[in-house]
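Peer 1: Below is model.cif; it holds mmCIF, C-alpha atoms and all ligand atoms.
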data_coords
#
loop_
_atom_site.label_atom_id
_atom_site.label_comp_id
_atom_site.auth_asym_id
_atom_site.auth_seq_id
_atom_site.Cartn_x
_atom_site.Cartn_y
_atom_site.Cartn_z
CA MET X 18 -9.66 -13.85 -12.79
CA GLU X 19 -7.38 -16.87 -12.64
CA LEU X 20 -5.16 -16.58 -9.58
CA ILE X 21 -2.65 -19.09 -8.21
CA ASN X 22 -0.21 -17.07 -6.13
CA VAL X 23 -2.60 -14.43 -4.84
CA LYS X 24 -5.84 -14.99 -2.94
CA TYR X 25 -8.70 -12.58 -3.54
CA LYS X 26 -12.04 -12.14 -1.84
CA VAL X 27 -14.50 -9.32 -1.33
CA LYS X 28 -16.53 -8.96 1.86
CA ASP X 29 -18.58 -5.95 2.93
CA PHE X 30 -17.11 -3.83 0.10
CA THR X 31 -13.53 -4.59 1.23
CA ALA X 32 -11.17 -6.47 -1.09
CA TYR X 33 -8.79 -8.81 0.76
CA VAL X 34 -5.65 -9.45 -1.30
CA THR X 35 -3.30 -12.07 0.13
CA ILE X 36 0.06 -12.99 -1.38
CA ASN X 37 0.01 -16.76 -1.22
CA ARG X 38 3.46 -18.36 -1.41
CA PRO X 39 4.02 -19.06 2.28
CA LYS X 40 6.72 -21.71 1.63
CA ALA X 41 8.88 -18.99 0.06
CA LEU X 42 7.74 -16.42 2.67
CA ASN X 43 5.48 -14.93 -0.02
CA ALA X 44 8.45 -13.80 -2.14
CA LEU X 45 7.44 -11.81 -5.22
CA ASN X 46 8.23 -13.66 -8.43
CA ILE X 47 7.18 -12.71 -11.95
CA ASP X 48 3.88 -14.62 -11.62
CA VAL X 49 2.92 -12.90 -8.35
CA ILE X 50 3.65 -9.52 -9.90
CA ALA X 51 1.45 -10.36 -12.93
CA GLU X 52 -1.38 -11.56 -10.68
CA LEU X 53 -1.19 -8.43 -8.53
CA LYS X 54 -1.49 -6.37 -11.71
CA THR X 55 -4.68 -8.24 -12.67
CA VAL X 56 -6.11 -7.96 -9.17
CA PHE X 57 -5.59 -4.20 -8.90
CA GLU X 58 -7.04 -3.61 -12.39
CA HIS X 59 -10.09 -5.56 -11.23
CA ILE X 60 -10.34 -3.58 -7.98
CA GLU X 61 -10.13 -0.28 -9.84
CA ALA X 62 -13.05 -1.28 -12.08
CA ASP X 63 -15.25 -2.84 -9.38
CA ASP X 64 -17.80 -0.46 -7.82
CA GLY X 65 -18.47 -3.15 -5.22
CA VAL X 66 -15.05 -2.49 -3.64
CA THR X 67 -14.49 0.63 -1.54
CA GLY X 68 -11.19 -0.30 0.14
CA VAL X 69 -8.41 -2.87 0.08
CA ILE X 70 -6.45 -4.81 2.69
CA LEU X 71 -3.21 -6.33 1.37
CA THR X 72 -1.41 -8.98 3.41
CA GLY X 73 0.68 -12.16 3.23
CA GLU X 74 -0.43 -15.75 3.81
CA GLY X 75 0.66 -17.42 7.04
CA GLU X 76 2.02 -16.05 10.28
CA LYS X 77 5.62 -15.51 9.30
CA ALA X 78 5.76 -13.11 6.41
CA PHE X 79 4.00 -10.27 4.66
CA VAL X 80 6.49 -10.59 1.78
CA ALA X 81 10.18 -11.45 2.35
CA GLY X 82 11.28 -9.70 -0.84
CA ALA X 83 11.60 -10.32 -4.52
CA ASP X 84 12.24 -13.99 -5.28
CA ILE X 85 15.99 -14.45 -4.92
CA ALA X 86 15.92 -17.95 -6.46
CA GLN X 87 14.24 -16.57 -9.58
CA MET X 88 16.51 -13.51 -9.79
CA LYS X 89 19.80 -15.34 -9.23
CA ASP X 90 20.53 -16.11 -12.89
CA MET X 91 18.75 -13.15 -14.46
CA THR X 92 20.49 -11.02 -17.04
CA ALA X 93 20.46 -7.25 -16.60
CA LEU X 94 17.69 -6.99 -19.21
CA GLU X 95 15.58 -9.65 -17.49
CA SER X 96 15.96 -7.92 -14.12
CA ARG X 97 15.00 -4.65 -15.78
CA ALA X 98 11.81 -6.18 -17.18
CA MET X 99 10.94 -7.62 -13.77
CA ALA X 100 11.54 -4.29 -12.02
CA ALA X 101 9.55 -2.39 -14.65
CA ALA X 102 6.59 -4.77 -14.23
CA ALA X 103 6.80 -4.45 -10.43
CA HIS X 104 6.97 -0.66 -10.64
CA LYS X 105 3.76 -0.64 -12.72
CA VAL X 106 2.03 -2.65 -10.01
CA MET X 107 3.37 -0.47 -7.17
CA ASN X 108 2.25 2.66 -9.04
CA SER X 109 -1.20 1.20 -9.65
CA ILE X 110 -1.54 0.51 -5.91
CA GLU X 111 -0.30 3.97 -4.97
CA GLU X 112 -2.67 5.58 -7.48
CA CYS X 113 -5.62 3.26 -6.82
CA SER X 114 -8.77 5.34 -6.43
CA LYS X 115 -9.65 3.34 -3.30
CA PRO X 116 -7.70 3.35 -0.02
CA VAL X 117 -5.23 0.47 0.26
CA ILE X 118 -3.98 -0.68 3.66
CA ALA X 119 -0.98 -2.97 4.11
CA ALA X 120 -1.51 -5.44 6.96
CA ILE X 121 2.12 -6.31 7.70
CA ASN X 122 1.87 -9.69 9.37
CA GLY X 123 5.57 -10.61 9.56
CA PHE X 124 8.69 -10.04 7.46
CA ALA X 125 8.34 -7.15 4.99
CA LEU X 126 11.78 -7.06 3.45
CA GLY X 127 13.11 -5.73 0.16
CA GLY X 128 10.29 -5.97 -2.38
CA GLY X 129 7.94 -6.67 0.55
CA CYS X 130 8.79 -3.40 2.27
CA GLU X 131 8.47 -1.73 -1.14
CA LEU X 132 5.03 -3.27 -1.68
CA ALA X 133 3.90 -2.07 1.75
CA MET X 134 5.22 1.42 1.02
CA ALA X 135 3.13 1.63 -2.17
CA CYS X 136 0.01 1.27 0.02
CA ASP X 137 -1.65 4.33 1.54
CA ILE X 138 -1.42 3.23 5.17
CA ARG X 139 0.69 0.54 6.85
CA ILE X 140 -0.44 -1.30 9.98
CA ALA X 141 2.08 -3.73 11.42
CA SER X 142 1.68 -6.74 13.62
CA GLU X 143 3.89 -6.65 16.74
CA THR X 144 5.82 -9.50 15.09
CA ALA X 145 6.62 -7.57 11.90
CA ARG X 146 10.20 -7.04 10.78
CA MET X 147 10.95 -4.53 8.05
CA GLY X 148 13.95 -3.49 6.01
CA GLN X 149 15.67 -3.14 2.66
CA PRO X 150 18.40 -5.80 2.81
CA GLU X 151 19.31 -5.70 -0.90
CA VAL X 152 22.94 -4.61 -0.45
CA ASN X 153 23.48 -7.92 1.39
CA LEU X 154 22.83 -9.53 -2.01
CA GLY X 155 25.00 -7.17 -4.03
CA ILE X 156 22.02 -5.32 -5.49
CA ILE X 157 20.00 -2.22 -4.60
CA PRO X 158 16.27 -1.89 -3.91
CA GLY X 159 14.55 -2.18 -7.28
CA PHE X 160 10.80 -2.00 -6.67
CA GLY X 161 10.71 1.64 -5.49
CA GLY X 162 12.57 1.51 -2.16
CA THR X 163 15.20 4.13 -2.95
CA GLN X 164 12.42 6.63 -3.62
CA ARG X 165 9.44 5.73 -1.41
CA LEU X 166 11.47 5.05 1.75
CA PRO X 167 13.10 8.53 1.91
CA ARG X 168 9.72 10.12 1.16
CA LEU X 169 8.25 8.28 4.16
CA VAL X 170 11.04 8.41 6.74
CA GLY X 171 13.42 11.10 5.45
CA LYS X 172 16.68 10.88 3.54
CA GLY X 173 18.99 10.18 6.49
CA MET X 174 16.95 7.33 7.96
CA ALA X 175 16.37 5.84 4.49
CA LYS X 176 20.10 5.86 3.78
CA TYR X 177 20.78 4.36 7.20
CA LEU X 178 18.34 1.50 6.57
CA ILE X 179 19.30 0.84 2.95
CA LEU X 180 23.09 1.15 3.32
CA THR X 181 23.27 -0.96 6.49
CA ALA X 182 20.60 -3.43 5.28
CA GLY X 183 19.27 -3.21 8.82
CA MET X 184 16.08 -4.99 9.89
CA ILE X 185 13.79 -3.12 12.28
CA ASP X 186 10.93 -4.31 14.45
CA ALA X 187 7.38 -2.95 14.48
CA ALA X 188 8.00 -0.54 17.36
CA GLU X 189 10.95 1.05 15.54
CA ALA X 190 8.99 1.13 12.25
CA TYR X 191 6.26 3.01 14.11
CA ARG X 192 8.77 5.36 15.76
CA ILE X 193 10.26 6.42 12.42
CA GLY X 194 6.86 6.76 10.74
CA LEU X 195 7.22 3.79 8.41
CA VAL X 196 4.02 2.29 9.81
CA GLN X 197 1.07 4.20 11.20
CA LYS X 198 -0.13 1.68 13.80
CA VAL X 199 1.01 -1.49 15.53
CA ALA X 200 -1.47 -4.23 16.48
CA ALA X 201 -1.37 -7.59 18.24
CA PRO X 202 -1.11 -10.35 15.59
CA SER X 203 -4.65 -11.55 16.28
CA GLU X 204 -6.00 -8.00 15.95
CA LEU X 205 -4.14 -7.00 12.79
CA ILE X 206 -6.88 -7.47 10.20
CA ALA X 207 -9.57 -6.12 12.54
CA GLU X 208 -7.45 -3.00 13.07
CA CYS X 209 -7.14 -2.53 9.28
CA GLU X 210 -10.91 -3.03 8.93
CA LYS X 211 -11.49 -0.37 11.61
CA VAL X 212 -9.35 2.14 9.72
CA LEU X 213 -11.14 1.36 6.44
CA ALA X 214 -14.53 1.65 8.16
CA ALA X 215 -13.55 5.10 9.46
CA ILE X 216 -12.49 6.18 5.97
CA ASN X 217 -15.70 4.76 4.49
CA GLN X 218 -17.76 7.08 6.69
CA LYS X 219 -16.28 10.04 4.84
CA GLY X 220 -17.20 11.45 1.45
CA PRO X 221 -15.75 8.92 -1.05
CA PHE X 222 -14.98 11.53 -3.70
CA ALA X 223 -13.28 13.75 -1.12
CA VAL X 224 -11.19 10.79 0.07
CA LYS X 225 -10.21 10.04 -3.53
CA LEU X 226 -9.22 13.66 -4.20
CA ALA X 227 -7.32 14.00 -0.92
CA LYS X 228 -5.23 10.97 -1.87
CA LYS X 229 -4.66 12.40 -5.33
CA ALA X 230 -3.63 15.81 -3.96
CA ILE X 231 -1.05 14.20 -1.65
CA ASN X 232 0.31 11.85 -4.32
CA ASN X 233 0.46 14.47 -7.08
CA GLY X 234 1.82 17.14 -4.79
CA LEU X 235 4.75 15.17 -3.42
CA GLU X 236 6.02 14.66 -6.97
CA ALA X 237 5.80 18.36 -7.89
CA ASP X 238 7.44 21.58 -6.73
CA GLN X 239 5.57 23.17 -3.82
CA LYS X 240 4.05 26.01 -5.82
CA SER X 241 2.56 23.68 -8.47
CA ALA X 242 1.46 21.29 -5.74
CA LEU X 243 -0.35 24.04 -3.85
CA ASN X 244 -2.01 25.21 -7.07
CA ASN X 245 -3.11 21.64 -7.71
CA GLU X 246 -4.62 21.59 -4.22
CA ILE X 247 -6.67 24.71 -5.04
CA GLU X 248 -8.07 22.99 -8.16
CA LEU X 249 -8.95 19.76 -6.36
CA PHE X 250 -10.36 21.62 -3.34
CA SER X 251 -12.65 23.69 -5.54
CA LEU X 252 -13.72 20.60 -7.46
CA THR X 253 -15.22 19.17 -4.26
CA PHE X 254 -17.61 22.15 -4.23
CA ALA X 255 -19.19 20.79 -7.41
CA THR X 256 -20.35 17.66 -5.56
CA ASP X 257 -23.36 16.58 -3.50
CA GLU X 258 -20.87 15.39 -0.91
CA GLN X 259 -19.79 18.92 -0.05
CA GLU X 260 -23.42 20.03 0.19
CA GLU X 261 -24.30 17.13 2.46
CA GLY X 262 -21.16 17.37 4.62
CA MET X 263 -21.56 21.06 5.34
CA ALA X 264 -25.36 20.92 5.75
CA ALA X 265 -24.97 18.03 8.21
CA PHE X 266 -22.43 20.00 10.25
CA LEU X 267 -24.66 23.06 10.44
CA GLU X 268 -27.75 20.96 11.21
CA LYS X 269 -25.79 19.15 13.96
CA ARG X 270 -26.36 15.67 12.48
CA ALA X 271 -24.13 12.96 11.01
CA ALA X 272 -23.47 13.32 7.30
CA ASP X 273 -25.05 10.69 5.08
CA PHE X 274 -22.70 10.44 2.12
CA LYS X 275 -23.96 7.01 1.02
CA SER X 276 -27.36 8.18 -0.18
CA LYS X 277 -25.64 11.00 -2.08
CA LYS X 278 -23.56 8.63 -4.24
N1 LIG P 1 13.19 -15.12 -2.20
C1 LIG P 1 13.05 -16.45 -2.38
N2 LIG P 1 12.88 -17.31 -1.35
C2 LIG P 1 12.85 -16.80 -0.11
C3 LIG P 1 12.98 -15.43 0.13
C4 LIG P 1 13.14 -14.56 -0.99
N3 LIG P 1 13.23 -13.23 -0.86
N4 LIG P 1 12.93 -15.22 1.47
C5 LIG P 1 12.75 -16.42 2.03
N5 LIG P 1 12.72 -17.39 1.09
C6 LIG P 1 12.57 -18.83 1.27
C7 LIG P 1 13.84 -19.45 1.80
O1 LIG P 1 14.77 -19.70 0.76
C8 LIG P 1 13.31 -20.71 2.44
O2 LIG P 1 13.06 -21.66 1.41
P1 LIG P 1 13.42 -23.22 1.66
O3 LIG P 1 12.55 -23.64 2.83
O4 LIG P 1 13.04 -23.86 0.37
O5 LIG P 1 14.87 -23.27 1.99
C9 LIG P 1 11.95 -20.27 2.98
O6 LIG P 1 11.61 -19.09 2.27
C10 LIG P 1 11.99 -19.94 4.46
O7 LIG P 1 13.01 -18.99 4.66
P2 LIG P 1 14.19 -19.18 5.73
O8 LIG P 1 14.46 -20.63 5.97
O9 LIG P 1 15.33 -18.32 5.30
O10 LIG P 1 13.47 -18.58 7.03
P3 LIG P 1 14.19 -17.92 8.29
O11 LIG P 1 13.13 -17.78 9.32
O12 LIG P 1 15.42 -18.62 8.65
O13 LIG P 1 14.61 -16.45 7.79
C11 LIG P 1 14.27 -14.37 6.63
C12 LIG P 1 13.63 -15.53 7.40
C13 LIG P 1 15.17 -13.56 7.58
C14 LIG P 1 13.16 -13.48 6.10
C15 LIG P 1 15.14 -14.93 5.47
O14 LIG P 1 14.34 -15.84 4.74
C16 LIG P 1 15.66 -13.89 4.54
O15 LIG P 1 16.62 -13.21 4.86
N6 LIG P 1 15.05 -13.80 3.31
C17 LIG P 1 15.53 -12.94 2.28
C18 LIG P 1 15.23 -11.48 2.58
C19 LIG P 1 15.79 -10.60 1.48
O16 LIG P 1 16.97 -10.52 1.26
N7 LIG P 1 14.88 -9.89 0.78
C20 LIG P 1 15.27 -9.01 -0.29
C21 LIG P 1 15.19 -9.74 -1.59
S1 LIG P 1 15.88 -8.81 -2.95
C22 LIG P 1 14.66 -7.69 -3.32
O17 LIG P 1 13.59 -7.69 -2.77
C23 LIG P 1 15.05 -6.74 -4.41
C24 LIG P 1 14.10 -5.68 -4.70
O18 LIG P 1 14.12 -4.58 -4.19
C25 LIG P 1 13.10 -5.92 -5.68
#
Take the structure from the file and write it as structure tokens.

Peer 2:
Amino acid sequence: MELINVKYKVKDFTAYVTINRPKALNALNIDVIAELKTVFEHIEADDGVTGVILTGEGEKAFVAGADIAQMKDMTALESRAMAAAAHKVMNSIEECSKPVIAAINGFALGGGCELAMACDIRIASETARMGQPEVNLGIIPGFGGTQRLPRLVGKGMAKYLILTAGMIDAAEAYRIGLVQKVAAPSELIAECEKVLAAINQKGPFAVKLAKKAINNGLEADQKSALNNEIELFSLTFATDEQEEGMAAFLEKRAADFKSKK
């Protein structure tokens, strides 16, 4: 994998993906989007990765948005191609079979907020600032913000944030449910690792199916979504994980899912 704008390392089964354009506050240009695509394809195929932490290089920004300098002179067709490529990446993160945690270490604006929202769980540093400021630039959110933000915080709050282009701090992001935890800057990555470690204790197939049931269900009508849940729930009964999890409970011991893989 040849990467210039994204750093990638794997340690203890966790993939650390870091957007690496700190001079431009890690703004997403076409190259970053292409590299993220490569990285998440790699993660999906790598059995040596069980979870992902996505963050931005430096202390100031997670990602301050799509690259305004690159977009400034784009034609409508060029902007469409950029948005379509970004949507593919966001979808691949949302649908990744492994849990993905956004470690929001500073500004997460526009495309940055959208990238964080494609992750399963968002943990923000106390210094984080989030928002969808696109209308300031005469455009609208284009990497998923008009859809993922209302699904996370509700229609009214999403409209409030998008139409006013307001920027909120970590405490407010937590209050409205946009992030699930807030950590001191020095504790941010450790906090993400703790959450991943907790998830890794669980049955990996069950975790995968739970994510799928939530993702699939939110895009369907409730009746189909509930039917889908029945199918995925019953599928877990065809696994060693279910046998081990229930036997462990009844035998009053910790479940050992690892040896059942
Ligand atoms: N694109 C390109 N460059 C960016 C950028 C972006 N989104 N955000 C910051 N930068 C660059 C700045 O131009 C500046 O570069 P130079 O040093 O070469 O001048 C550098 O990063 C540092 O930024 P600032 O000097 O502006 O830093 P600051 O501390 O004064 O302000 C900030 C920080 C409030 C985040 C401010 O940079 C800002 O408002 N950035 C733009 C935020 C934004 O509008 N994001 C939405 C983009 S559009 C989008 O994302 C559309 C979509 O949905 C896909």

Peer 1: Could you give me, as number ranges by chain, every polymer residue with an atom at most 6 Å away from an atom of ligand LIG 1 (chain P), counting all atoms listed in the file?

Peer 2: X: 40-42, 44, 81-86, 124, 126-128, 150-151, 158-160

Peer 1: Counting only C-alpha atoms, select every polymer residue within 6 Å of (-5.9, -1.6, 2.0) as defined in the file's coordinates, and provide the selection as a PyMOL selection string.

Peer 2: chain X and resi 68-71+116-119

Peer 1: Would you mind listing what lies within 10 Å of X:Val152 as a list of chain:residue names, with only C-alpha atoms counted and same-chain residues fewer than 5 positions away left out?

Peer 2: X:Gly127, X:Ile157, X:Pro158, X:Ile179, X:Leu180, X:Thr181, X:Ala182

Peer 1: What gap, in Å, lies between atom CA of X:Leu169 and atom CA of X:Lys115?

Peer 2: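 Between atom CA of X:Leu169 and atom CA of X:Lys115 the gap is 20.0 Å.
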
Peer 1: Can you work out the spacing between atom CA of X:Val199 and atom CA of X:Ser142 in Å, to one decimal?

Peer 2: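 Separation between atom CA of X:Val199 and atom CA of X:Ser142: 5.6 Å.
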
Peer 1: So, counting only C-alpha atoms, which residue among X:Val66, X:Met91, X:Ala190, X:Ile21 is closest to X:Ala175?

Peer 2: X:Ala190

Peer 1: If I take atom CA of X:Val80 and atom CA of X:Ala125, how far is one from the other in Å, to one decimal?

Peer 2: 5.1 Å

Peer 1: Would you kindly identify which residues have an atom no farther than 12 Å from (1.1, -17.7, 11.8), using all atoms listed in the file and the file's own coordinates, and write them out as a list in words?

Peer 2: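 Residues close enough to count: Pro39, Leu42, Gly73, Glu74, Gly75, Glu76, Lys77, Ala78, Phe79, Asn122, Gly123, Phe124, Ser142, Thr144, Ala145, Pro202, Ser203 and Leu205 of chain X.
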
Peer 1: For a quick check of understanding, using all atoms listed in the file, which of X:Arg168, X:Ala271, X:Met134, X:Ile156 has the smallest distance to X:Met88?

Peer 2: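 Of X:Arg168, X:Ala271, X:Met134, X:Ile156, the one nearest X:Met88, counting all atoms listed in the file, is X:Ile156.
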
Peer 1: Counting only C-alpha atoms, what is within 12 Å of X:Lys105, bar same-chain residues fewer than 6 positions away, as a CSV table (one decimal) with C-alpha atoms, in the frame of the given file?

Peer 2:
chain,number,residue,atom,x,y,z
X,50,ILE,CA,3.6,-9.5,-9.9
X,51,ALA,CA,1.4,-10.4,-12.9
X,53,LEU,CA,-1.2,-8.4,-8.5
X,54,LYS,CA,-1.5,-6.4,-11.7
X,55,THR,CA,-4.7,-8.2,-12.7
X,57,PHE,CA,-5.6,-4.2,-8.9
X,58,GLU,CA,-7.0,-3.6,-12.4
X,98,ALA,CA,11.8,-6.2,-17.2
X,99,MET,CA,10.9,-7.6,-13.8
X,111,GLU,CA,-0.3,4.0,-5.0
X,112,GLU,CA,-2.7,5.6,-7.5
X,113,CYS,CA,-5.6,3.3,-6.8
X,132,LEU,CA,5.0,-3.3,-1.7
X,135,ALA,CA,3.1,1.6,-2.2
X,160,PHE,CA,10.8,-2.0,-6.7
X,161,GLY,CA,10.7,1.6,-5.5

Peer 1: Using all atoms listed in the file, find the one residue out of X:Ile36, X:Leu195, X:Ala133, X:Leu154 that sits nearest to X:Val170.

Peer 2: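 Nearest candidate to X:Val170 out of X:Ile36, X:Leu195, X:Ala133, X:Leu154: X:Leu195.
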
Peer 1: Using all atoms listed in the file, can you tell me which of X:Gln164, X:Thr67, X:Thr72, X:Gln239 comes closest to X:Val34?

Peer 2: X:Thr72

Peer 1: When distances are computed from all atoms listed in the file, which of X:Ala264, X:Leu243, X:Val56, X:Leu249 shows the smallest separation from X:Lys225?

Peer 2: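 When distances to X:Lys225 are compared using all atoms listed in the file, the smallest one comes from X:Leu249.
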
Peer 1: Pick from X:Asn244, X:Gly148, X:Gly155, X:Phe30: nearest to X:Tyr177, with only C-alpha atoms counted?

Peer 2: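 Among the listed residues, the smallest separation from X:Tyr177 belongs to X:Gly148.
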